[in-house]
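J.: Sharing a structure here in structure tokens format.
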Amino acid sequence: MKRIAITLPEFFDGEADRITAMLNSGAARVHIRKPGSTADEMRRLLARIPPRLRERLSLHDRHELAAEFGIGGIHLNRRNSSMPAGFRGIVSRSCHSFAEIVKAKAEGCDYTFLSPIFDSISKPGYNSAFTPDNLTEAARQGIIDSSVYALGGITPAKFAEIDAYGFGGAAILGAAWQPVDRLHFRLQFITPDCDGTPEGIKRLAETVAAVLDGGCRWVQLRMKDADTRQILDAAHAIAPLCRRADATFILDDKVELVEACGADGVHLGKNDMPVDRARKLLGPGYIIGATANTAADIEAAAMAGADYTGLGPLRFTTTKKKLSPVLGYEGYTDIIGRCRAEGIDLPVVAIGGIVPDDIAPLAAAGADGIAVSGAIATAPDPTEATKTFITKTNHI
């Protein structure tokens with residue numbers, strides 16, 4: 001299935017690199033949609049994208065820059081409804097009805113977006129305007145064909161359905177811009193309980209330093225019962241250690257403290273802030289993880305904009321209060337298998353009482369990584385314990 005990514009309306013740090021990576025990894029095109037942008041803002045973004053890839057860009061706004069940067073396409077919409085004089089590249093248009101598609105084809109558009117096919121991820125309240133029956137009938141009549149791309153609420157789980165309706169591909173907005181390129185995890189370390197005192201935070205930082213020395217490159221600070229000051233103090237002790245080791249630093253639960261803590265993102269439990277609300281507050285530049293215990297939990301996390309799920313527990317653990325039902329290896333195999341069969345490819349990290357011998361069967365079940373706390377933190381030598389886990393996880 002062909003994929004077209006549409007940028008978020010806001011500019012963000014590293015966006016040109018993300019666009020380049022998408023084009024290099026298989027996206028057919030990237031549409032640059034920046035309503036209200038200035039010419040200089042657009043120039044700065046376009047200049048950072050390699051010239052060899054600009055043919056596969058389409059501009060929704062600032063069409064006058066197409067010739068200046070060798071952009072291969074323009075997209076017509078309600079803001080910019082007419083084609084620039086002299087443009088000879090690819091032309092596409094946004095449509096919200098079958099009649100608009102017919103008109104766009106008659107006008108010579110190379111392809112169209114039809115939306116919203118499903119309820120939007122990025123625009124709350126922007127709900128599907130179509131039914132399975134009228135989509136099927138439009139395909140039968142040849143209105144929906146390979147030149148029509150489905151837009152609105154698109155995730156990998158919907159690809160098979162889109163293909164069945166006869167669309168040429170999918171245009172993806174909200175689900176396209178999660179920072180998946182930063183999810184190079186196999187072992188995540190979750191910090192043990194800390195009383196928040198200066199002595200306790202010092203011990204915690206020593207443990208994190210030992211884990212980083214062992215090769216772990218993902219640390220989650222978890223202090224459920226601590227106050228804001230204690231969390232900030234602990235984060236300010238741990239964040240520099242992670243930076244020096246080029247490790248990802250995740251804060252548990254406290255979305256409002258992510259920036260102040262210098263964290264790369266947040267992990268949300270089932271009783272914490274909803275993922276979609278956290279994504280709205282944090283934007284696309286932060287990692288958001290979500291706790292899951294079922295396939296439905298993983299699907300919901302994917303639809304809400306999570307970057308990964310922590311699926312568990314594998315077995316009983318004393319580390320976490322209010323433990324969900326244990327899954328065992330068979331539970332992981334079943335849940336991950338069902339998700340992959342539905343096209344849900346959100347990374348899954350196994351959690352809950354995991355020891356090194358669990359890694360091979362969890363990998364066989366489809367887990368992308370593991371999260372560990374007590375088995376490392378309480379080991380006589382946390383560095384050596386981490387190295388043992390790292391050695392085993394190299395086979396995931």
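Residue numbering restarts at 1 in every chain; chains get A, B, ... in the order shown in the structure tokens, and ligands count up from 1 in that same order.
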Which residues, written as a PyMOL selection string, have at least one atom at most 10 Å from Ala263 (chain A), with only C-alpha atoms counted and residues fewer than 4 positions away on the same chain left out?
T.: chain A and resi 219-221+235-236+238-239+242-243+248-252+255+257-259+286-287
J.: Restricting the output to C-alpha atoms, write the selected residues as a PDB file, in the first residue's frame.
T.:
```
ATOM      1  CA  VAL A 219      15.860   4.796  31.975  1.00  0.00           C
ATOM      2  CA  GLN A 220      12.391   5.470  33.346  1.00  0.00           C
ATOM      3  CA  LEU A 221      12.141   7.457  36.593  1.00  0.00           C
ATOM      4  CA  ALA A 235      15.285  13.972  37.660  1.00  0.00           C
ATOM      5  CA  HIS A 236      17.967  16.643  37.860  1.00  0.00           C
ATOM      6  CA  ILE A 238      19.528  11.398  36.697  1.00  0.00           C
ATOM      7  CA  ALA A 239      18.994  13.381  33.481  1.00  0.00           C
ATOM      8  CA  CYS A 242      21.458   9.815  30.716  1.00  0.00           C
ATOM      9  CA  ARG A 243      22.635  12.679  28.513  1.00  0.00           C
ATOM     10  CA  THR A 248      16.668   7.995  26.619  1.00  0.00           C
ATOM     11  CA  PHE A 249      15.216   9.399  29.844  1.00  0.00           C
ATOM     12  CA  ILE A 250      11.503   8.811  30.479  1.00  0.00           C
ATOM     13  CA  LEU A 251       9.376  10.172  33.328  1.00  0.00           C
ATOM     14  CA  ASP A 252       6.580   8.056  34.740  1.00  0.00           C
ATOM     15  CA  VAL A 255       3.190  14.852  32.011  1.00  0.00           C
ATOM     16  CA  LEU A 257       6.878  17.854  34.638  1.00  0.00           C
ATOM     17  CA  VAL A 258       8.412  16.356  31.492  1.00  0.00           C
ATOM     18  CA  GLU A 259       9.994  19.579  30.252  1.00  0.00           C
ATOM     19  CA  TYR A 286       8.284  13.633  22.953  1.00  0.00           C
ATOM     20  CA  ILE A 287       7.999   9.876  23.444  1.00  0.00           C
TER      21      ILE A 287
END
```
J.: Let's see if you can do this: from backbone DSSP, list all alpha helix (DSSP H) residues in region 190-315 of chain A, as a PyMOL selection string.
T.: chain A and resi 198-213+228-244+258-261+275-282+295-304
J.: Enumerate, as a ChimeraX atom specification, the complete set of residues in region 85-202 of chain A that a backbone-based DSSP assignment places in strand (DSSP E or B).
T.: /A:90-95,111-114,148-151,169-172,187-190
J.: Expressed in Å to a single decimal, how great is the separation between CA of Asp40 (chain A) and CA of Arg62 (chain A)?
T.: 10.0 Å
J.: Looking at A:Ala104, A:Leu281, A:Leu204, A:Ile154, which one is nearest to Ser82 (chain A), with distances taken over only C-alpha atoms?
T.: A:Ala104
J.: Quick one: contact table of region 169-270 of chain A to region 354-370 of chain A, 9 Å max, nearest atom pair and distance in Å to one decimal per residue, counting only C-alpha atoms, chain and number order, as a tab-separated table?
T.:
```
residue	atom	partner	partner_atom	distance
A:Phe185	CA	A:Gly369	CA	6.4
A:Arg186	CA	A:Gly369	CA	4.1
A:Leu187	CA	A:Ile370	CA	5.2
A:Gln188	CA	A:Ile370	CA	6.2
A:Phe189	CA	A:Ile370	CA	8.7
```
J.: Which residues are near Phe118 (chain A)? Cut-off 6 Å, only C-alpha atoms, ignore same chain within fewer than 5 positions. Put them as a list in words.
T.: Ser128, Gly152 and Gly153 of chain A
J.: Could you work out how far CA of Cys95 (chain A) lies from CA of Leu114 (chain A), giving the answer in Å with one decimal?
T.: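 Answer for the CA of Leu114 (chain A) to CA of Cys95 (chain A) separation: 5.0 Å.
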J.: Between CA of Thr191 (chain A) and CA of Ser373 (chain A), what is the spacing in Å?
T.: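 Atom-to-atom, CA of Ser373 (chain A) and CA of Thr191 (chain A) are spaced 6.0 Å apart.
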